[in-house]
Amino acid sequence: MMELSPIKTIALKEFHERLRHRWVLAIGIVFAVFSLAIAYFGGTQEGAVGFRSIDFTIASLVSLVIYLIPLIALMLGFDAIVGERERGSLDLLLSLPVTRFELLLGKFFGLAMALGLSMVGGFGLAAVVFYRQFDRVTLPHFLGFVLSSLLLGLAFLSLALLLSVVTRDRTRASGLAIMLWFLFVLVFDLLLLGTLVSTSGAFAGDGFAYLLLLNPADVFRLFNLQSLDAVQTDYALMELVPPTLAHPGALLLVMLGWIVVPLWLAQWRFKP
Amino acid sequence: MDIDTPPVEVRRAAMHFGAIYAVDGIDLSVQRGEILGLIGRNGAGKSTLFKMMLGLLVPTSGSVHIEGIAVTSPAFRAIRRRIGYLPENVVLYDHLDGLETLHFFARLKGVPNQQCLEVLQRVGLLKAGRRRVRDYSRGMRQRLGLAQALLGTPSLLFLDEPTSGLDPEATRDFYTILGDLRASGTTIILTSHVLAELQDRVDRLAIIAMGKLQALGTLEALRAKTPLPLTIQLRVASLQLPTVIQALSSVHGLTITTIADGLCLHCLPARRMAALTAVIALGDEIQDLQIRDPSLEDVFLGLASQTP
């Protein structure tokens with residue numbers, strides 16, 4: 001029988017620790033500075049600086065977030081369990097009236113709060129500036145972007161916890177976290193594009209596009225770019241995406257799956 | 001809590017990892033209010049047995065019951081509130097202070113926060129309670145670890161190398177706390193590699209070797225199991241030495257070695273009185289005499305040498 005009290009206690013402790021060593025503040029500043037910088041200087045390749053439309057701003061931010069958030073979430077969560085194991089405190093925690101699943105959920109929610117607060121703080125500051133620059137109608141777009149960024153962060157946090165459960169030491173866990181980042185952020189799309197090009201588009205049917213769902217970073221990109229007509233051409237694989245796949249509700253469900261499934265796998269592997 | 005139920009009951013418990021038997025069919029029953037010392041070489045299976053008793057490892061076969069409840073049963077969760085555990089070399093949370101650390105463990109155990117100050121005081125950390133754990137010395141960290149184990153007035157304490165990193169004064173204080181806990185009925189199981197520390201402070205000893213319970217009993221009982229000689233040290237004036245050696249040489253079963261200021265006699269416990277009678281007969285030629293029974297370390301090494 002799962003109890004909420006230990007989950008809350010562990011979550012608050014994790015959150016408190018991240019606040020205490022200023023992790024939340026540092027990452028919040030990173031988000032604020034990068035989002036403002038990318039919004040202002042995003043058009044330099046076209047020979048202009050300054051804020052452009054909210055569509056272009058979000059598209060630029062998507063490019064930033066897709067690199068930054070998975071990395072931050074993986075770094076935040078990779079040692080959640082394996083770190084306790086190395087310190088010798090995992091056995092101590094599990095000797096208390098706390099189940100492994102409660103410990104895992106407590107860790108997840110605590111780290112999620114830290115990640116969420118830094119994102120809301122960082123992007124919130126940017127939102128204030130955007131609110132003054134763009135008209136009020138554009139704000140829901142930006143909120144959608146922040147929400148999907150948070151979900152992307154939670155998906156990678158969930159993957160990080162899975163890594164943390166299955167690895168025996170922090171060094172291996174950090175190495176695997178970086179490999180996972182490379183795989184999802186850099187290699188996956190390259191493999192899909194490479195397959196398409198090398199087969200001269202022989203597999204370019206609707207089914208192929210569904211492979212994008214196997215990567216939470218692509219789900220996030222689809223979620224944000226499907227509504228931004230002006231920038232869809234910036235993403236080569238966007239052409240393959242059928243309308244049924246580009247539905248926000250479906251993409252949201254897939255993203256929730258990317259949060260729940262690794263967590264479920266983590267609790268399944270986290271056995272005595 | 002049933003007074004008649006042994007707080008710890010291990011029955012033919014085995015734990016194997018592949019082909020390796022870390023614990024191999026151990027039977028062990030610990031009585032209420034008893035201090036049991038668990039000793040063995042590194043890798044003997046002590047930590048695995050500890051983890052099995054804490055319900056952290058599920059026995060491959062056999063059973064472990066704590067306070068009459070199987071550690072694999074869901075009901076064991078409630079029993080965990082009455083257990084205190086100090087793991088070996090545990091590193092607590094650097095960014096929390098001592099009091100925050102205890103509050104965290106108190107909440108998980110369902111213990112009121114007020115008790116945290118009491119246990120901090122008990123382990124001598126009250127003044128350092130608001131300092132971050134990262135600024136604590138090794139001994140202070142160990143005392144904080146002990147403090148969290150004492151939260152909730154546990155009826156059963158598992159302490160793995162509890163005096164590691166403690167200075168002699170803190171070690172003495174630690175054993176005073178342990179004595180008080182035993183007096184109040186707390187059952188304590190502890191491991192230590194410092195056998196001299198344990199020998200006068202535990203009620204019984206369990207020696208683990210290669211995953212098996214090699215010996216269990218009081219120090220006296222264990223001494224009786226090993227044919228270890230006792231040592232009688234004699235201070236003898238150098239001029240008298242030849243006479244004394246000649247007189248003692250006739251005593252059966254006595255081994256004599258010369259030391260700096262006299263002689264060292266070794267004999268089996270059964271020959272103790274014969275040896276002493278011979279020594280007393282020498283009268284004034286003996287300036288001083290000390291009898292030393294085999295220490296726990298001698299017993300442990302003696303038993304270890306019997307392991308196939």
# chains A, B, ... in the order shown; residues from 1 in each chain; ligands from 1
>>> interface_residues(of="chain A", to="chain B", cutoff="7 Å", atoms="only C-alpha atoms", output="list in words")
Pro6, Thr9, Glu17, Arg20, His21, Arg87, Gly88, Ser89, Leu92, Leu94, Ser95, Leu96, Pro97 and Pro272 of chain A
>>> write_last_selection(atoms="N, CA and C atoms", output="short mmCIF file (atom, residue, chain, number, x, y, z; two decimals), in the first residue's frame")
data_model
loop_
_atom_site.label_atom_id
_atom_site.label_comp_id
_atom_site.auth_asym_id
_atom_site.auth_seq_id
_atom_site.Cartn_x
_atom_site.Cartn_y
_atom_site.Cartn_z
N PRO A 6 5.64 9.68 2.99
CA PRO A 6 7.08 9.56 2.69
C PRO A 6 7.45 10.16 1.33
N THR A 9 7.79 13.82 1.94
CA THR A 9 8.99 14.13 2.73
C THR A 9 10.24 14.05 1.86
N GLU A 17 17.20 20.68 -1.01
CA GLU A 17 18.64 20.57 -1.29
C GLU A 17 19.02 21.32 -2.55
N ARG A 20 18.98 24.90 -1.79
CA ARG A 20 20.06 25.25 -0.88
C ARG A 20 21.38 25.42 -1.63
N HIS A 21 21.66 24.50 -2.56
CA HIS A 21 22.94 24.70 -3.25
C HIS A 21 22.78 25.49 -4.56
N ARG A 87 26.78 6.52 -1.51
CA ARG A 87 26.99 7.16 -0.20
C ARG A 87 26.66 6.22 0.96
N GLY A 88 26.01 5.13 0.65
CA GLY A 88 25.62 4.19 1.71
C GLY A 88 24.30 4.56 2.34
N SER A 89 23.65 5.61 1.84
CA SER A 89 22.40 6.06 2.46
C SER A 89 21.17 5.37 1.87
N LEU A 92 20.00 2.80 4.25
CA LEU A 92 19.42 3.47 5.41
C LEU A 92 17.99 3.91 5.10
N LEU A 94 15.97 2.71 2.87
CA LEU A 94 15.08 1.58 2.66
C LEU A 94 14.85 0.77 3.93
N SER A 95 15.66 1.05 4.97
CA SER A 95 15.41 0.38 6.25
C SER A 95 14.29 1.09 7.01
N LEU A 96 13.91 2.27 6.54
CA LEU A 96 12.83 3.04 7.17
C LEU A 96 11.48 2.60 6.58
N PRO A 97 10.39 3.07 7.14
CA PRO A 97 9.10 2.67 6.57
C PRO A 97 8.82 3.38 5.23
N PRO A 272 14.52 -5.59 -4.49
CA PRO A 272 15.59 -6.05 -3.58
C PRO A 272 16.47 -7.12 -4.25
#
>>> residues_around(residues="region 116-120 of chain B", least_positions_apart="4", cutoff="10 Å", atoms="only C-alpha atoms", output="number ranges by chain")
B: 98-106, 111-112, 124-129, 143-144, 146-153
>>> atom_distance(atom1="CA of Arg11 (chain B)", atom2="CA of Glu161 (chain B)")
24.4 Å
>>> residues_around(residues="region 76-81 of chain A", least_positions_apart="5", cutoff="9 Å", atoms="only C-alpha atoms", output="ChimeraX atom specification")
/A:71,86,90,103-104,107-108,111,115,156-165,169-170,173-174,176-177
>>> write_last_selection(atoms="N, CA and C atoms", output="mmCIF file, in the first residue's frame")
data_model
loop_
_atom_site.group_PDB
_atom_site.id
_atom_site.type_symbol
_atom_site.label_atom_id
_atom_site.label_comp_id
_atom_site.auth_asym_id
_atom_site.auth_seq_id
_atom_site.Cartn_x
_atom_site.Cartn_y
_atom_site.Cartn_z
ATOM 1 N N LEU A 71 19.658 17.747 -21.395
ATOM 2 C CA LEU A 71 20.954 17.670 -20.710
ATOM 3 C C LEU A 71 20.802 18.006 -19.220
ATOM 4 N N GLU A 86 25.922 4.838 -3.540
ATOM 5 C CA GLU A 86 27.367 5.035 -3.334
ATOM 6 C C GLU A 86 27.662 5.655 -1.968
ATOM 7 N N LEU A 90 21.344 4.647 0.753
ATOM 8 C CA LEU A 90 20.181 3.980 0.155
ATOM 9 C C LEU A 90 19.640 2.900 1.105
ATOM 10 N N LEU A 103 10.169 5.890 -2.601
ATOM 11 C CA LEU A 103 11.454 6.598 -2.686
ATOM 12 C C LEU A 103 11.652 7.154 -4.097
ATOM 13 N N LEU A 104 11.359 6.313 -5.074
ATOM 14 C CA LEU A 104 11.521 6.707 -6.471
ATOM 15 C C LEU A 104 10.605 7.881 -6.821
ATOM 16 N N LYS A 107 11.787 11.089 -5.104
ATOM 17 C CA LYS A 107 12.928 11.656 -5.828
ATOM 18 C C LYS A 107 12.438 12.363 -7.089
ATOM 19 N N PHE A 108 11.561 11.684 -7.823
ATOM 20 C CA PHE A 108 11.084 12.238 -9.092
ATOM 21 C C PHE A 108 10.362 13.565 -8.871
ATOM 22 N N LEU A 111 12.799 16.418 -7.676
ATOM 23 C CA LEU A 111 13.648 16.930 -8.751
ATOM 24 C C LEU A 111 12.792 17.650 -9.796
ATOM 25 N N LEU A 115 13.332 21.389 -11.180
ATOM 26 C CA LEU A 115 13.426 21.669 -12.616
ATOM 27 C C LEU A 115 12.312 22.627 -13.034
ATOM 28 N N PHE A 156 12.876 13.391 -19.670
ATOM 29 C CA PHE A 156 14.304 13.081 -19.530
ATOM 30 C C PHE A 156 14.681 12.838 -18.058
ATOM 31 N N LEU A 157 13.955 13.472 -17.158
ATOM 32 C CA LEU A 157 14.185 13.204 -15.729
ATOM 33 C C LEU A 157 13.791 11.757 -15.409
ATOM 34 N N SER A 158 12.691 11.333 -16.001
ATOM 35 C CA SER A 158 12.235 9.966 -15.811
ATOM 36 C C SER A 158 13.262 8.971 -16.378
ATOM 37 N N LEU A 159 13.812 9.306 -17.547
ATOM 38 C CA LEU A 159 14.867 8.456 -18.130
ATOM 39 C C LEU A 159 16.109 8.446 -17.229
ATOM 40 N N ALA A 160 16.419 9.610 -16.659
ATOM 41 C CA ALA A 160 17.590 9.705 -15.776
ATOM 42 C C ALA A 160 17.408 8.818 -14.541
ATOM 43 N N LEU A 161 16.192 8.788 -14.000
ATOM 44 C CA LEU A 161 15.938 7.945 -12.830
ATOM 45 C C LEU A 161 16.063 6.464 -13.183
ATOM 46 N N LEU A 162 15.609 6.130 -14.385
ATOM 47 C CA LEU A 162 15.763 4.738 -14.833
ATOM 48 C C LEU A 162 17.248 4.377 -14.891
ATOM 49 N N LEU A 163 18.039 5.284 -15.478
ATOM 50 C CA LEU A 163 19.493 5.070 -15.542
ATOM 51 C C LEU A 163 20.070 4.901 -14.138
ATOM 52 N N SER A 164 19.605 5.743 -13.247
ATOM 53 C CA SER A 164 20.122 5.766 -11.887
ATOM 54 C C SER A 164 19.819 4.462 -11.145
ATOM 55 N N VAL A 165 18.724 3.832 -11.520
ATOM 56 C CA VAL A 165 18.353 2.563 -10.880
ATOM 57 C C VAL A 165 19.169 1.407 -11.452
ATOM 58 N N ASP A 169 27.236 2.416 -10.444
ATOM 59 C CA ASP A 169 28.025 3.521 -9.891
ATOM 60 C C ASP A 169 27.771 4.810 -10.674
ATOM 61 N N ARG A 170 28.127 5.915 -10.050
ATOM 62 C CA ARG A 170 27.814 7.236 -10.601
ATOM 63 C C ARG A 170 28.556 7.492 -11.900
ATOM 64 N N ALA A 173 26.771 5.836 -14.611
ATOM 65 C CA ALA A 173 25.471 6.503 -14.806
ATOM 66 C C ALA A 173 25.653 7.809 -15.570
ATOM 67 N N SER A 174 26.695 8.584 -15.228
ATOM 68 C CA SER A 174 26.887 9.858 -15.924
ATOM 69 C C SER A 174 27.280 9.610 -17.372
ATOM 70 N N LEU A 176 26.412 7.040 -19.219
ATOM 71 C CA LEU A 176 25.203 6.613 -19.941
ATOM 72 C C LEU A 176 24.249 7.783 -20.175
ATOM 73 N N ALA A 177 24.207 8.696 -19.208
ATOM 74 C CA ALA A 177 23.331 9.871 -19.359
ATOM 75 C C ALA A 177 23.783 10.697 -20.573
#
>>> select_by_dssp(residues="region 99-291 of chain B", states="strand (DSSP E)", output="ChimeraX atom specification")
/B:156-160,187-191,204-209,212-217,230-236,255-259,262-267,286-291
>>> write_last_selection(atoms="C-alpha atoms", output="PDB file, in the first residue's frame")
ATOM      1  CA  LEU B 156      15.972  -2.992  17.924  1.00  0.00           C
ATOM      2  CA  LEU B 157      19.217  -1.389  16.808  1.00  0.00           C
ATOM      3  CA  PHE B 158      21.463  -2.547  13.972  1.00  0.00           C
ATOM      4  CA  LEU B 159      24.849  -0.855  14.061  1.00  0.00           C
ATOM      5  CA  ASP B 160      27.427  -1.580  11.385  1.00  0.00           C
ATOM      6  CA  THR B 187      18.098  -5.239  21.557  1.00  0.00           C
ATOM      7  CA  ILE B 188      21.324  -4.335  19.786  1.00  0.00           C
ATOM      8  CA  ILE B 189      23.189  -6.115  17.031  1.00  0.00           C
ATOM      9  CA  LEU B 190      26.504  -4.591  16.063  1.00  0.00           C
ATOM     10  CA  THR B 191      29.558  -5.366  14.003  1.00  0.00           C
ATOM     11  CA  ARG B 204      27.094 -12.837  23.019  1.00  0.00           C
ATOM     12  CA  LEU B 205      29.142 -13.065  19.886  1.00  0.00           C
ATOM     13  CA  ALA B 206      28.310 -14.607  16.549  1.00  0.00           C
ATOM     14  CA  ILE B 207      31.282 -15.431  14.360  1.00  0.00           C
ATOM     15  CA  ILE B 208      30.497 -15.604  10.672  1.00  0.00           C
ATOM     16  CA  ALA B 209      32.859 -17.282   8.240  1.00  0.00           C
ATOM     17  CA  LYS B 212      28.064 -19.722   7.848  1.00  0.00           C
ATOM     18  CA  LEU B 213      27.603 -19.198  11.564  1.00  0.00           C
ATOM     19  CA  GLN B 214      30.883 -20.617  12.798  1.00  0.00           C
ATOM     20  CA  ALA B 215      30.334 -20.030  16.498  1.00  0.00           C
ATOM     21  CA  LEU B 216      27.772 -18.400  18.751  1.00  0.00           C
ATOM     22  CA  GLY B 217      27.937 -17.764  22.464  1.00  0.00           C
ATOM     23  CA  LEU B 230      46.181 -18.668  28.656  1.00  0.00           C
ATOM     24  CA  THR B 231      49.212 -16.557  29.384  1.00  0.00           C
ATOM     25  CA  ILE B 232      50.872 -16.122  32.769  1.00  0.00           C
ATOM     26  CA  GLN B 233      53.439 -13.374  32.793  1.00  0.00           C
ATOM     27  CA  LEU B 234      56.031 -13.462  35.610  1.00  0.00           C
ATOM     28  CA  ARG B 235      58.396 -10.681  36.638  1.00  0.00           C
ATOM     29  CA  VAL B 236      61.569 -12.338  37.858  1.00  0.00           C
ATOM     30  CA  THR B 255      55.518 -23.664  27.646  1.00  0.00           C
ATOM     31  CA  ILE B 256      58.104 -21.183  28.907  1.00  0.00           C
ATOM     32  CA  THR B 257      59.514 -18.248  26.979  1.00  0.00           C
ATOM     33  CA  THR B 258      61.900 -15.588  28.239  1.00  0.00           C
ATOM     34  CA  ILE B 259      60.825 -11.939  27.979  1.00  0.00           C
ATOM     35  CA  GLY B 262      60.929 -12.254  33.291  1.00  0.00           C
ATOM     36  CA  LEU B 263      59.064 -15.173  31.817  1.00  0.00           C
ATOM     37  CA  CYS B 264      55.943 -15.859  29.863  1.00  0.00           C
ATOM     38  CA  LEU B 265      54.155 -19.111  30.540  1.00  0.00           C
ATOM     39  CA  HIS B 266      51.537 -20.586  28.222  1.00  0.00           C
ATOM     40  CA  CYS B 267      49.234 -23.411  29.199  1.00  0.00           C
ATOM     41  CA  ILE B 286      58.457 -14.093  41.703  1.00  0.00           C
ATOM     42  CA  GLN B 287      58.184 -10.282  41.946  1.00  0.00           C
ATOM     43  CA  ASP B 288      54.870  -9.927  40.053  1.00  0.00           C
ATOM     44  CA  LEU B 289      52.368 -12.053  38.177  1.00  0.00           C
ATOM     45  CA  GLN B 290      49.701 -11.371  35.546  1.00  0.00           C
ATOM     46  CA  ILE B 291      47.226 -13.849  34.093  1.00  0.00           C
TER      47      ILE B 291
END
>>> residues_around(residues="region 124-131 of chain A", least_positions_apart="6", cutoff="7 Å", atoms="only C-alpha atoms", output="count of residues only")
4
